[in-house]
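A.B. asks: Here you go, this is final_39.cif (mmCIF, C-alpha atoms and all ligand atoms).
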```cif
data_start
loop_
_atom_site.label_atom_id
_atom_site.label_comp_id
_atom_site.auth_asym_id
_atom_site.auth_seq_id
_atom_site.Cartn_x
_atom_site.Cartn_y
_atom_site.Cartn_z
CA MET A 1 -26.25 -59.96 255.93
CA SER A 2 -27.33 -60.48 252.38
CA ASN A 3 -28.19 -57.79 249.84
CA PHE A 4 -30.41 -60.14 247.93
CA ASP A 5 -33.46 -58.29 246.65
CA PRO A 6 -36.12 -60.80 245.58
CA PHE A 7 -38.04 -58.11 243.67
CA ALA A 8 -34.99 -57.08 241.66
CA ALA A 9 -34.19 -60.75 241.02
CA ALA A 10 -37.73 -61.31 239.76
CA LEU A 11 -37.42 -58.42 237.29
CA GLU A 12 -33.97 -59.58 236.18
CA ALA A 13 -35.50 -62.97 235.37
CA ILE A 14 -37.63 -61.31 232.65
CA ALA A 15 -35.81 -60.98 229.33
CA ASP A 16 -35.81 -57.66 227.47
CA PRO A 17 -37.06 -58.50 223.95
CA ALA A 18 -34.53 -56.14 222.36
CA SER A 19 -31.26 -57.19 224.06
CA GLY A 20 -32.21 -60.57 225.54
CA LYS A 21 -30.73 -59.44 228.89
CA GLY A 22 -32.71 -59.15 232.11
CA LEU A 23 -34.87 -56.05 232.53
CA ILE A 24 -32.45 -54.43 234.97
CA ALA A 25 -29.22 -55.39 233.20
CA SER A 26 -30.66 -54.05 229.94
CA GLY A 27 -31.46 -50.70 231.55
CA ARG A 28 -35.20 -51.03 231.08
CA CYS A 29 -35.86 -50.46 234.77
CA ALA A 30 -34.28 -50.10 238.19
CA PRO A 31 -35.17 -52.40 241.11
CA PRO A 32 -38.75 -51.61 242.11
CA ARG A 33 -39.64 -49.29 244.97
CA ILE A 34 -41.76 -51.10 247.52
CA ASN A 35 -44.37 -49.32 249.57
CA GLN A 36 -44.47 -51.37 252.74
CA ALA A 37 -47.68 -49.73 253.98
CA ASP A 38 -49.92 -50.93 251.18
CA ARG A 39 -47.62 -53.70 249.88
CA THR A 40 -47.38 -52.29 246.36
CA ALA A 41 -44.38 -51.96 244.04
CA SER A 42 -43.62 -49.15 241.59
CA VAL A 43 -41.68 -49.87 238.43
CA ILE A 44 -40.58 -47.23 235.92
CA LEU A 45 -40.11 -49.01 232.62
CA ASP A 46 -38.26 -47.52 229.64
CA VAL A 47 -40.12 -48.89 226.62
CA THR A 48 -38.09 -47.07 223.95
CA GLY A 49 -38.08 -49.04 220.73
CA LEU A 50 -40.47 -51.76 221.89
CA SER A 51 -43.57 -52.75 219.95
CA ALA A 52 -46.95 -52.44 221.61
CA GLU A 53 -47.04 -56.24 221.83
CA ASP A 54 -43.67 -56.41 223.57
CA ARG A 55 -44.69 -53.69 226.02
CA ALA A 56 -47.88 -55.53 226.89
CA GLY A 57 -45.89 -58.77 227.27
CA ILE A 58 -43.38 -57.18 229.66
CA GLU A 59 -46.15 -55.57 231.67
CA ARG A 60 -47.86 -58.93 232.06
CA ALA A 61 -44.59 -60.62 232.99
CA ILE A 62 -43.79 -58.00 235.65
CA ARG A 63 -47.20 -58.35 237.25
CA GLY A 64 -47.00 -62.14 237.02
CA LYS A 65 -43.61 -62.28 238.76
CA LEU A 66 -44.13 -59.62 241.41
CA ILE A 67 -47.71 -59.91 242.59
CA GLY A 68 -47.81 -62.40 245.43
CA LEU A 69 -44.05 -62.27 245.94
CA GLU A 70 -43.45 -61.67 249.66
CA GLY A 71 -47.11 -60.74 250.01
CA LEU A 72 -47.03 -57.99 247.36
CA ARG A 73 -50.57 -56.95 246.44
CA ASP A 74 -50.16 -54.75 243.38
CA VAL A 75 -47.64 -53.27 240.94
CA ARG A 76 -47.79 -49.78 239.43
CA ILE A 77 -45.95 -49.59 236.14
CA ALA A 78 -45.09 -46.23 234.56
CA MET A 79 -43.86 -46.45 230.98
CA THR A 80 -41.47 -43.88 229.58
CA ALA A 81 -39.93 -43.63 226.14
CA GLU A 82 -37.32 -41.42 224.55
CA ARG A 83 -38.95 -39.19 222.02
CA LYS A 84 -37.53 -40.25 218.74
CA SER A 85 -36.40 -37.55 216.40
CA ARG A 86 -38.07 -38.63 213.24
CA ARG A 87 -37.73 -37.01 209.86
CA LEU A 88 -40.85 -36.24 207.92
CA ILE A 89 -40.59 -36.17 204.14
CA ALA A 90 -43.51 -34.78 202.13
CA VAL A 91 -44.27 -36.20 198.69
CA GLY A 92 -46.27 -33.69 196.70
CA SER A 93 -47.38 -32.90 193.19
CA GLY A 94 -49.05 -29.99 191.50
CA LYS A 95 -51.96 -32.06 190.21
CA GLY A 96 -53.50 -35.50 190.52
CA GLY A 97 -52.84 -38.55 188.42
CA VAL A 98 -49.10 -38.02 187.99
CA GLY A 99 -48.26 -41.10 190.07
CA LYS A 100 -47.42 -39.32 193.33
CA SER A 101 -48.98 -42.08 195.46
CA THR A 102 -47.26 -44.76 193.41
CA VAL A 103 -43.92 -43.02 193.88
CA ALA A 104 -44.47 -42.48 197.64
CA ALA A 105 -45.39 -46.15 198.23
CA ASN A 106 -42.51 -47.50 196.19
CA VAL A 107 -39.91 -45.13 197.57
CA ALA A 108 -41.02 -46.19 201.07
CA VAL A 109 -40.62 -49.87 200.15
CA ALA A 110 -37.24 -49.13 198.51
CA LEU A 111 -36.01 -47.22 201.59
CA LYS A 112 -36.91 -50.21 203.73
CA ARG A 113 -34.98 -52.49 201.38
CA LEU A 114 -32.00 -50.18 201.83
CA GLY A 115 -32.23 -50.62 205.60
CA VAL A 116 -34.12 -47.47 206.63
CA ASN A 117 -36.95 -47.83 209.16
CA VAL A 118 -39.69 -45.94 207.40
CA GLY A 119 -43.41 -45.38 207.89
CA LEU A 120 -45.92 -44.24 205.29
CA VAL A 121 -48.71 -41.71 205.89
CA ASP A 122 -51.45 -41.43 203.32
CA ALA A 123 -52.42 -37.78 203.78
CA ASP A 124 -54.33 -37.76 200.52
CA ILE A 125 -57.36 -37.52 202.71
CA TYR A 126 -59.86 -36.96 199.93
CA GLY A 127 -58.63 -39.81 197.71
CA PRO A 128 -56.58 -42.23 199.78
CA SER A 129 -55.03 -44.98 197.68
CA GLN A 130 -52.08 -46.23 199.74
CA ALA A 131 -54.04 -49.06 201.37
CA ARG A 132 -54.61 -50.60 197.94
CA LEU A 133 -51.04 -49.97 196.76
CA MET A 134 -49.62 -51.56 199.93
CA ALA A 135 -52.19 -54.38 200.11
CA SER A 136 -53.49 -53.34 203.51
CA GLU A 137 -57.12 -52.71 202.61
CA GLY A 138 -59.55 -53.83 205.25
CA ARG A 139 -56.97 -53.76 208.07
CA ARG A 140 -57.92 -51.55 210.97
CA PRO A 141 -55.41 -49.67 213.07
CA GLU A 142 -55.76 -50.18 216.80
CA ALA A 143 -55.39 -47.38 219.28
CA GLU A 144 -53.35 -47.28 222.45
CA GLY A 145 -54.38 -44.42 224.69
CA GLN A 146 -54.79 -41.40 222.45
CA LYS A 147 -52.51 -42.77 219.75
CA LEU A 148 -53.22 -44.85 216.68
CA LEU A 149 -51.02 -47.87 216.06
CA PRO A 150 -49.98 -48.02 212.40
CA VAL A 151 -51.07 -50.97 210.29
CA ALA A 152 -48.36 -53.48 209.35
CA THR A 153 -47.79 -54.27 205.68
CA ASP A 154 -46.13 -57.21 203.96
CA PHE A 155 -43.24 -54.95 202.95
CA GLY A 156 -41.94 -54.00 206.38
CA VAL A 157 -43.35 -50.48 206.07
CA PRO A 158 -45.99 -49.62 208.70
CA MET A 159 -48.61 -47.25 207.38
CA LEU A 160 -51.72 -45.26 208.16
CA SER A 161 -54.28 -43.98 205.74
CA MET A 162 -57.68 -42.40 206.04
CA ALA A 163 -58.84 -45.46 204.12
CA HIS A 164 -58.10 -47.48 207.27
CA LEU A 165 -60.44 -45.32 209.31
CA VAL A 166 -63.50 -45.07 207.09
CA LYS A 167 -65.61 -47.78 205.44
CA PRO A 168 -64.59 -48.69 201.86
CA GLY A 169 -66.23 -46.40 199.35
CA GLN A 170 -67.40 -43.95 202.02
CA ALA A 171 -67.06 -40.37 200.81
CA ILE A 172 -64.78 -38.16 202.84
CA ALA A 173 -66.21 -34.65 202.70
CA TRP A 174 -64.43 -32.96 205.56
CA ARG A 175 -63.80 -29.32 205.79
CA GLY A 176 -60.31 -27.93 206.32
CA PRO A 177 -59.97 -28.07 210.12
CA MET A 178 -61.33 -31.63 210.37
CA ALA A 179 -59.00 -32.77 207.64
CA GLY A 180 -56.13 -31.07 209.49
CA ASN A 181 -57.05 -32.93 212.69
CA ALA A 182 -57.19 -36.22 210.81
CA LEU A 183 -53.72 -35.54 209.42
CA GLY A 184 -52.46 -34.83 212.95
CA GLN A 185 -53.81 -38.19 214.15
CA LEU A 186 -52.02 -40.02 211.36
CA ILE A 187 -48.70 -38.23 211.83
CA ASP A 188 -48.71 -38.28 215.64
CA ALA A 189 -49.47 -42.01 215.75
CA ASP A 190 -47.16 -44.41 217.56
CA TRP A 191 -44.62 -44.94 214.76
CA GLY A 192 -42.29 -47.00 216.96
CA GLU A 193 -38.90 -47.46 215.36
CA ALA A 194 -39.54 -45.45 212.19
CA ASP A 195 -36.76 -42.92 211.58
CA VAL A 196 -38.38 -41.48 208.48
CA LEU A 197 -42.05 -40.83 207.71
CA LEU A 198 -43.01 -40.41 204.07
CA VAL A 199 -46.18 -38.37 203.75
CA ASP A 200 -48.18 -38.76 200.55
CA LEU A 201 -49.94 -35.40 200.20
CA PRO A 202 -53.08 -34.67 198.22
CA PRO A 203 -52.31 -33.01 194.87
CA GLY A 204 -52.14 -29.24 194.72
CA THR A 205 -51.58 -26.63 197.38
CA GLY A 206 -54.57 -26.78 199.75
CA ASP A 207 -55.36 -26.99 203.46
CA ILE A 208 -53.63 -30.29 204.09
CA GLN A 209 -50.34 -29.04 202.65
CA LEU A 210 -50.55 -25.88 204.78
CA SER A 211 -51.45 -27.87 207.86
CA LEU A 212 -48.51 -30.23 207.27
CA ILE A 213 -46.07 -27.37 206.77
CA GLN A 214 -47.25 -25.30 209.71
CA LYS A 215 -47.89 -27.97 212.32
CA HIS A 216 -45.58 -30.81 211.43
CA LYS A 217 -42.56 -29.08 209.86
CA PRO A 218 -41.37 -31.51 207.20
CA THR A 219 -37.59 -31.93 206.86
CA GLY A 220 -37.91 -31.82 203.09
CA ALA A 221 -40.21 -32.38 200.14
CA ILE A 222 -40.11 -34.49 197.00
CA ILE A 223 -42.11 -33.26 194.02
CA VAL A 224 -43.48 -35.72 191.47
CA SER A 225 -44.31 -34.61 187.95
CA THR A 226 -44.94 -36.12 184.55
CA PRO A 227 -42.95 -34.76 181.63
CA GLN A 228 -45.89 -32.77 180.29
CA ASP A 229 -45.50 -29.02 180.44
CA LEU A 230 -48.83 -28.55 182.14
CA ALA A 231 -47.89 -30.92 184.92
CA LEU A 232 -44.65 -29.03 185.29
CA ILE A 233 -46.41 -25.68 185.60
CA ASP A 234 -48.52 -27.26 188.33
CA ALA A 235 -45.41 -28.76 189.89
CA THR A 236 -43.86 -25.30 190.00
CA ARG A 237 -46.75 -24.13 192.15
CA ALA A 238 -46.18 -26.98 194.58
CA ILE A 239 -42.47 -26.13 194.67
CA ASP A 240 -43.31 -22.47 195.39
CA LEU A 241 -45.47 -23.47 198.33
CA PHE A 242 -42.61 -25.36 200.00
CA ASN A 243 -40.11 -22.65 199.09
CA GLN A 244 -42.22 -19.97 200.69
CA ALA A 245 -42.45 -22.04 203.85
CA THR A 246 -38.67 -22.67 203.70
CA VAL A 247 -39.17 -26.43 203.50
CA PRO A 248 -36.17 -27.65 201.47
CA ILE A 249 -37.02 -29.33 198.16
CA ILE A 250 -35.09 -32.60 198.08
CA GLY A 251 -35.67 -33.01 194.37
CA LEU A 252 -37.99 -33.67 191.49
CA VAL A 253 -39.07 -37.14 190.33
CA GLU A 254 -40.16 -37.52 186.74
CA ASN A 255 -42.82 -40.20 186.46
CA MET A 256 -44.31 -41.76 183.32
CA ALA A 257 -41.19 -40.74 181.45
CA GLY A 258 -40.94 -42.75 178.25
CA TYR A 259 -43.40 -45.50 177.40
CA VAL A 260 -41.95 -48.99 177.48
CA CYS A 261 -43.77 -51.17 174.92
CA PRO A 262 -44.85 -54.38 176.68
CA HIS A 263 -44.35 -56.35 173.45
CA CYS A 264 -40.99 -55.24 172.10
CA GLY A 265 -39.53 -53.23 175.01
CA GLU A 266 -38.95 -50.24 172.75
CA ILE A 267 -39.10 -46.90 174.58
CA SER A 268 -41.12 -44.05 173.11
CA ASP A 269 -41.92 -40.66 174.61
CA PRO A 270 -45.65 -39.91 174.34
CA PHE A 271 -45.35 -36.95 176.73
CA GLY A 272 -41.97 -35.70 175.55
CA ALA A 273 -38.70 -36.48 177.26
CA GLY A 274 -36.46 -34.76 179.78
CA GLY A 275 -38.96 -32.01 180.65
CA ALA A 276 -38.73 -32.54 184.38
CA GLU A 277 -34.94 -32.79 184.34
CA ALA A 278 -34.67 -29.55 182.35
CA ALA A 279 -37.21 -27.89 184.63
CA SER A 280 -35.36 -28.96 187.75
CA ARG A 281 -32.15 -27.49 186.30
CA ALA A 282 -33.95 -24.25 185.49
CA LEU A 283 -35.46 -24.13 188.98
CA GLY A 284 -32.16 -24.95 190.64
CA ILE A 285 -33.44 -28.08 192.38
CA SER A 286 -32.04 -31.60 192.26
CA PHE A 287 -33.33 -34.20 189.86
CA LEU A 288 -33.95 -37.40 191.83
CA GLY A 289 -34.78 -39.78 189.01
CA ARG A 290 -37.07 -40.94 186.28
CA ILE A 291 -39.61 -43.77 186.25
CA PRO A 292 -40.84 -45.11 182.92
CA LEU A 293 -44.51 -45.38 181.97
CA GLU A 294 -45.04 -49.12 182.02
CA ILE A 295 -48.15 -51.22 182.07
CA ALA A 296 -46.41 -53.65 184.42
CA ILE A 297 -46.01 -50.86 187.00
CA ARG A 298 -49.72 -50.06 186.90
CA LYS A 299 -50.80 -53.69 187.03
CA ALA A 300 -48.52 -54.58 189.93
CA SER A 301 -49.55 -51.41 191.81
CA ASP A 302 -53.25 -52.08 191.34
CA ALA A 303 -52.73 -55.62 192.63
CA GLY A 304 -51.01 -54.41 195.81
CA ARG A 305 -47.57 -55.60 194.73
CA PRO A 306 -45.31 -52.52 194.80
CA PRO A 307 -42.77 -52.91 191.98
CA ALA A 308 -40.04 -51.69 194.37
CA ALA A 309 -40.52 -54.88 196.40
CA GLY A 310 -39.76 -57.10 193.39
CA GLY A 311 -36.44 -58.40 192.18
CA ASP A 312 -36.72 -57.22 188.60
CA ALA A 313 -35.78 -54.07 186.73
CA HIS A 314 -38.98 -52.32 187.83
CA ALA A 315 -37.57 -51.95 191.33
CA GLN A 316 -34.39 -50.20 190.22
CA PRO A 317 -35.60 -46.65 189.56
CA PHE A 318 -37.28 -46.61 192.97
CA LEU A 319 -34.15 -47.94 194.68
CA ASP A 320 -32.12 -45.21 192.93
CA ILE A 321 -34.51 -42.49 194.11
CA ALA A 322 -34.51 -43.92 197.65
CA GLY A 323 -30.69 -43.91 197.53
CA GLY A 324 -30.74 -40.23 196.54
CA LEU A 325 -33.12 -39.46 199.39
CA MET A 326 -30.88 -41.31 201.86
CA GLY A 327 -27.89 -39.33 200.63
CA TRP A 328 -29.81 -36.12 201.18
CA LEU A 329 -30.90 -37.20 204.67
CA ASN A 330 -27.38 -38.25 205.64
CA GLY A 331 -26.11 -34.85 204.59
CA ARG A 332 -28.56 -33.08 206.91
CA ALA A 333 -27.44 -32.16 210.37
CA ALA A 334 -29.75 -32.51 213.34
CA PRO A 335 -33.04 -34.27 212.65
CA THR A 336 -36.10 -32.14 213.07
CA PHE A 337 -39.65 -33.28 213.72
P1 LIG B 1 -51.53 -39.61 192.02
O1 LIG B 1 -51.19 -40.04 193.41
O2 LIG B 1 -50.57 -38.59 191.49
O3 LIG B 1 -52.95 -39.20 191.83
P2 LIG B 1 -51.34 -42.44 191.36
O4 LIG B 1 -50.07 -42.86 192.01
O5 LIG B 1 -52.62 -42.79 192.00
O6 LIG B 1 -51.31 -40.87 191.06
O7 LIG B 1 -51.29 -42.98 189.85
C1 LIG B 1 -52.34 -42.78 188.96
C2 LIG B 1 -52.46 -44.01 188.06
O8 LIG B 1 -51.27 -44.10 187.24
C3 LIG B 1 -52.54 -45.32 188.82
O9 LIG B 1 -53.40 -46.19 188.14
C4 LIG B 1 -51.10 -45.85 188.77
O10 LIG B 1 -51.05 -47.28 188.82
C5 LIG B 1 -50.65 -45.37 187.41
N1 LIG B 1 -49.20 -45.14 187.35
C6 LIG B 1 -48.45 -44.37 188.16
N2 LIG B 1 -47.15 -44.37 187.75
C7 LIG B 1 -47.09 -45.19 186.68
C8 LIG B 1 -46.04 -45.63 185.81
N3 LIG B 1 -44.80 -45.19 185.97
N4 LIG B 1 -46.36 -46.49 184.82
C9 LIG B 1 -47.64 -46.91 184.64
N5 LIG B 1 -48.67 -46.55 185.38
C10 LIG B 1 -48.40 -45.69 186.41
#
```
Represent the structure of the file as structure tokens.
Ligand code: ADP
C.D. replies:
Amino acid sequence: MSNFDPFAAALEAIADPASGKGLIASGRCAPPRINQADRTASVILDVTGLSAEDRAGIERAIRGKLIGLEGLRDVRIAMTAERKSRRLIAVGSGKGGVGKSTVAANVAVALKRLGVNVGLVDADIYGPSQARLMASEGRRPEAEGQKLLPVATDFGVPMLSMAHLVKPGQAIAWRGPMAGNALGQLIDADWGEADVLLVDLPPGTGDIQLSLIQKHKPTGAIIVSTPQDLALIDATRAIDLFNQATVPIIGLVENMAGYVCPHCGEISDPFGAGGAEAASRALGISFLGRIPLEIAIRKASDAGRPPAAGGDAHAQPFLDIAGGLMGWLNGRAAPTF
């Protein structure tokens, strides 16, 4: 008597895209259960870590191999996935125009370069700019079931922004609860392999920040400020908000710190120097790093070429900040999300 199971053999003949082994050997599924009465098979497929494309491919392959085999009429496939514990990092600032979005985009790109699977959420719902910074304008996220599928970028960082969901130039005039729902859709999207989600918040301390803190429980927050005192006073308010909600502040980033002359390379300090570092000391929070005010940074950002993706010196401050963030994350115990 032979134990040969033609259905199991058919599934084993399909390669798991992650391990290259057959679907059963790789642990994706067990041999199918066959209902003799209606000649249907049931397959429970573990799709953890697979892209939507791979899942669809496997589903097609299973149907293709099984239907018709020994008179089988239909296959029911149930997909399961481990819920990934993903860490959510908020990037905030007290006021607009300090380069928060620029820092969020570039730190995401730098994290990816350092080997972290990271996604980027543009929660600056009233003034989304990440699609331009990451050169993904005009791309539309697809949806699978109730979930959005993030848009791919050229930098290996999947992202979602309100800009992907509305027509270019269309005003977004939502009231608090709608904006909160939109944020939920972006954060609860199908982020696949991403271990870390960077969330670029709107400036200030409004509804979106509260919604993020209350509903999505960030693991930590990065605050971006310019060296000007005013920006720092605003930054202090943003820090207070996270402190009150017991969201740990990972550190302060000083942006536009020291103007680098494009002609001679000389560094001057139009907004004063060291303000953010001194403030972070006074506030007892870490200083994550300083990014110079440089025309090249603005030009590259506007053109959808994040400086952190380049090979030159402009990438370095972002790589340093990303390294600091990784160190902080590695020092945290159990991931929360
Ligand atoms: P925010 O998100 O805080 O409103 P943005 O990231 O949109 O700020 O930056 C505002 C403007 O400043 C953009 O034009 C951006 O290119 C520019 N910018 C940001 N950081 C720098 C920098 N370090 N050097 C030069 N320009 C910068």
A.B. asks: Can you work out which one of A:Val103, A:Val109, A:Val121, A:Ala189 has the shortest atom-to-atom distance to ligand LIG 1 (chain B), counting all atoms listed in the file?
C.D. replies: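 The answer is A:Val103, which sits nearest to ligand LIG 1 (chain B).
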A.B. asks: Excluding same-chain residues fewer than 4 positions from Leu283 (chain A), what lies within 10 Å of it counting only C-alpha atoms, as a list in words?
C.D. replies: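 That gives Thr236, Ile239, Glu277, Ala278 and Ala279 of chain A.
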A.B. asks: Okay, now the selection with C-alpha atoms, as an mmCIF file, in the coordinates of the input?
C.D. replies:
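Saved result, selection_30.cif, follows:
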```
data_model
loop_
_atom_site.group_PDB
_atom_site.id
_atom_site.type_symbol
_atom_site.label_atom_id
_atom_site.label_comp_id
_atom_site.auth_asym_id
_atom_site.auth_seq_id
_atom_site.Cartn_x
_atom_site.Cartn_y
_atom_site.Cartn_z
ATOM 1 C CA THR A 236 -43.860 -25.300 190.000
ATOM 2 C CA ILE A 239 -42.470 -26.130 194.670
ATOM 3 C CA GLU A 277 -34.940 -32.790 184.340
ATOM 4 C CA ALA A 278 -34.670 -29.550 182.350
ATOM 5 C CA ALA A 279 -37.210 -27.890 184.630
#
```
A.B. asks: For a test of reading the model, state the distance in Å between CA of Gly119 (chain A) and CA of Leu329 (chain A), rounded to one decimal.
C.D. replies: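 Between CA of Gly119 (chain A) and CA of Leu329 (chain A) the gap is 15.3 Å.
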A.B. asks: Choose the residue, out of A:Asp195, A:Glu70, A:Asp207, A:Glu294, that has the smallest atom-to-atom separation from ligand LIG 1 (chain B); count all atoms listed in the file.
C.D. replies: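 With all atoms listed in the file as the atom set, the closest residue is A:Glu294.
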A.B. asks: Every residue with an atom at most 8 Å from (-28.2, -47.8, 200.5) (file coordinates; all atoms listed in the file) is what I'm after, so could you write them as an NGL selection string?
C.D. replies: :A and (111 or 114-115 or 322-323 or 326)
A.B. asks: Excluding Leu252 (chain A) and residues on its chain fewer than 6 positions from it, collect all residues at most 12 Å away from it, counting all atoms listed in the file, and give them as number ranges by chain.
C.D. replies: A: 91-94, 100, 103, 220-227, 232, 235-236, 238-239, 274-291, 321, 324-325
A.B. asks: Report the closest atom pair, with its distance in Å rounded to one decimal, for each residue of chain A that has an atom no farther than 6 Å from ligand LIG 1 (chain B); count only C-alpha atoms and all ligand atoms, sort by chain and then rising residue number, and write it as CSV.
C.D. replies:
```
residue,atom,partner,partner_atom,distance
A:Gly96,CA,B:LIG1,O3,4.0
A:Gly97,CA,B:LIG1,O3,3.5
A:Val98,CA,B:LIG1,O2,3.8
A:Gly99,CA,B:LIG1,O4,3.2
A:Lys100,CA,B:LIG1,O2,3.7
A:Ser101,CA,B:LIG1,O1,3.6
A:Thr102,CA,B:LIG1,O4,3.7
A:Asn255,CA,B:LIG1,N3,5.4
A:Met256,CA,B:LIG1,N3,4.4
A:Ile291,CA,B:LIG1,N3,5.4
A:Pro292,CA,B:LIG1,N3,5.0
A:Leu293,CA,B:LIG1,N4,3.6
A:Glu294,CA,B:LIG1,N4,4.1
A:Ile295,CA,B:LIG1,C9,5.0
A:Ile297,CA,B:LIG1,C9,4.9
A:Arg298,CA,B:LIG1,O10,3.6
A:Ser301,CA,B:LIG1,O10,5.3
A:Asp302,CA,B:LIG1,O10,5.9
```
A.B. asks: Name the residues within 8 Å of (-36.2, -49.1, 193.7), counting all atoms listed in the file in the file's coordinates, and put them as a ChimeraX atom specification.
C.D. replies: /A:106-107,109-110,307-309,314-322
A.B. asks: Keeping only C-alpha atoms, write the selected residues to a file as a compact mmCIF listing (two decimals), in the coordinates of the input.
C.D. replies:
```txt
# COMPACT_ATOMS: atom_id res chain seq x y z
CA ASN A 106 -42.51 -47.50 196.19
CA VAL A 107 -39.91 -45.13 197.57
CA VAL A 109 -40.62 -49.87 200.15
CA ALA A 110 -37.24 -49.13 198.51
CA PRO A 307 -42.77 -52.91 191.98
CA ALA A 308 -40.04 -51.69 194.37
CA ALA A 309 -40.52 -54.88 196.40
CA HIS A 314 -38.98 -52.32 187.83
CA ALA A 315 -37.57 -51.95 191.33
CA GLN A 316 -34.39 -50.20 190.22
CA PRO A 317 -35.60 -46.65 189.56
CA PHE A 318 -37.28 -46.61 192.97
CA LEU A 319 -34.15 -47.94 194.68
CA ASP A 320 -32.12 -45.21 192.93
CA ILE A 321 -34.51 -42.49 194.11
CA ALA A 322 -34.51 -43.92 197.65
```
A.B. asks: Find the spatial neighbours of Ala15 (chain A), counting only C-alpha atoms, within a cut-off of 12 Å - ignore same-chain residues fewer than 3 positions away - and output them as a ChimeraX atom specification.
C.D. replies: /A:9-12,18-29,54-55,57-59,61-62
A.B. asks: Quote the spacing between CA of Leu120 (chain A) and CA of Leu198 (chain A) in Å to one decimal place.
C.D. replies: 5.0 Å
A.B. asks: Can you tell me how far CA of Arg305 (chain A) sits from CA of Ala131 (chain A), in Å to one decimal?
C.D. replies: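 Interatomic distance, CA of Arg305 (chain A) to CA of Ala131 (chain A): 11.3 Å.
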A.B. asks: Using all atoms listed in the file for the distances, tell me which of A:Lys112, A:Arg237, A:Arg140, A:Arg33 is nearest to Asp74 (chain A).
C.D. replies: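 Between A:Lys112, A:Arg237, A:Arg140, A:Arg33, the residue approaching Asp74 (chain A) most closely is A:Arg33.
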A.B. asks: Using only C-alpha atoms, can you tell me which of A:Ala143, A:Ala179, A:Ile213, A:Ala105 comes closest to Pro158 (chain A)?
C.D. replies: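 Closest to Pro158 (chain A), using only C-alpha atoms: A:Ala105.
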A.B. asks: Between A:Ile208, A:Ile250, A:Val166, A:Ala296, single out the one closest to Gly331 (chain A), counting all atoms listed in the file.
C.D. replies: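 That would be A:Ile250, the residue with the smallest distance to Gly331 (chain A).
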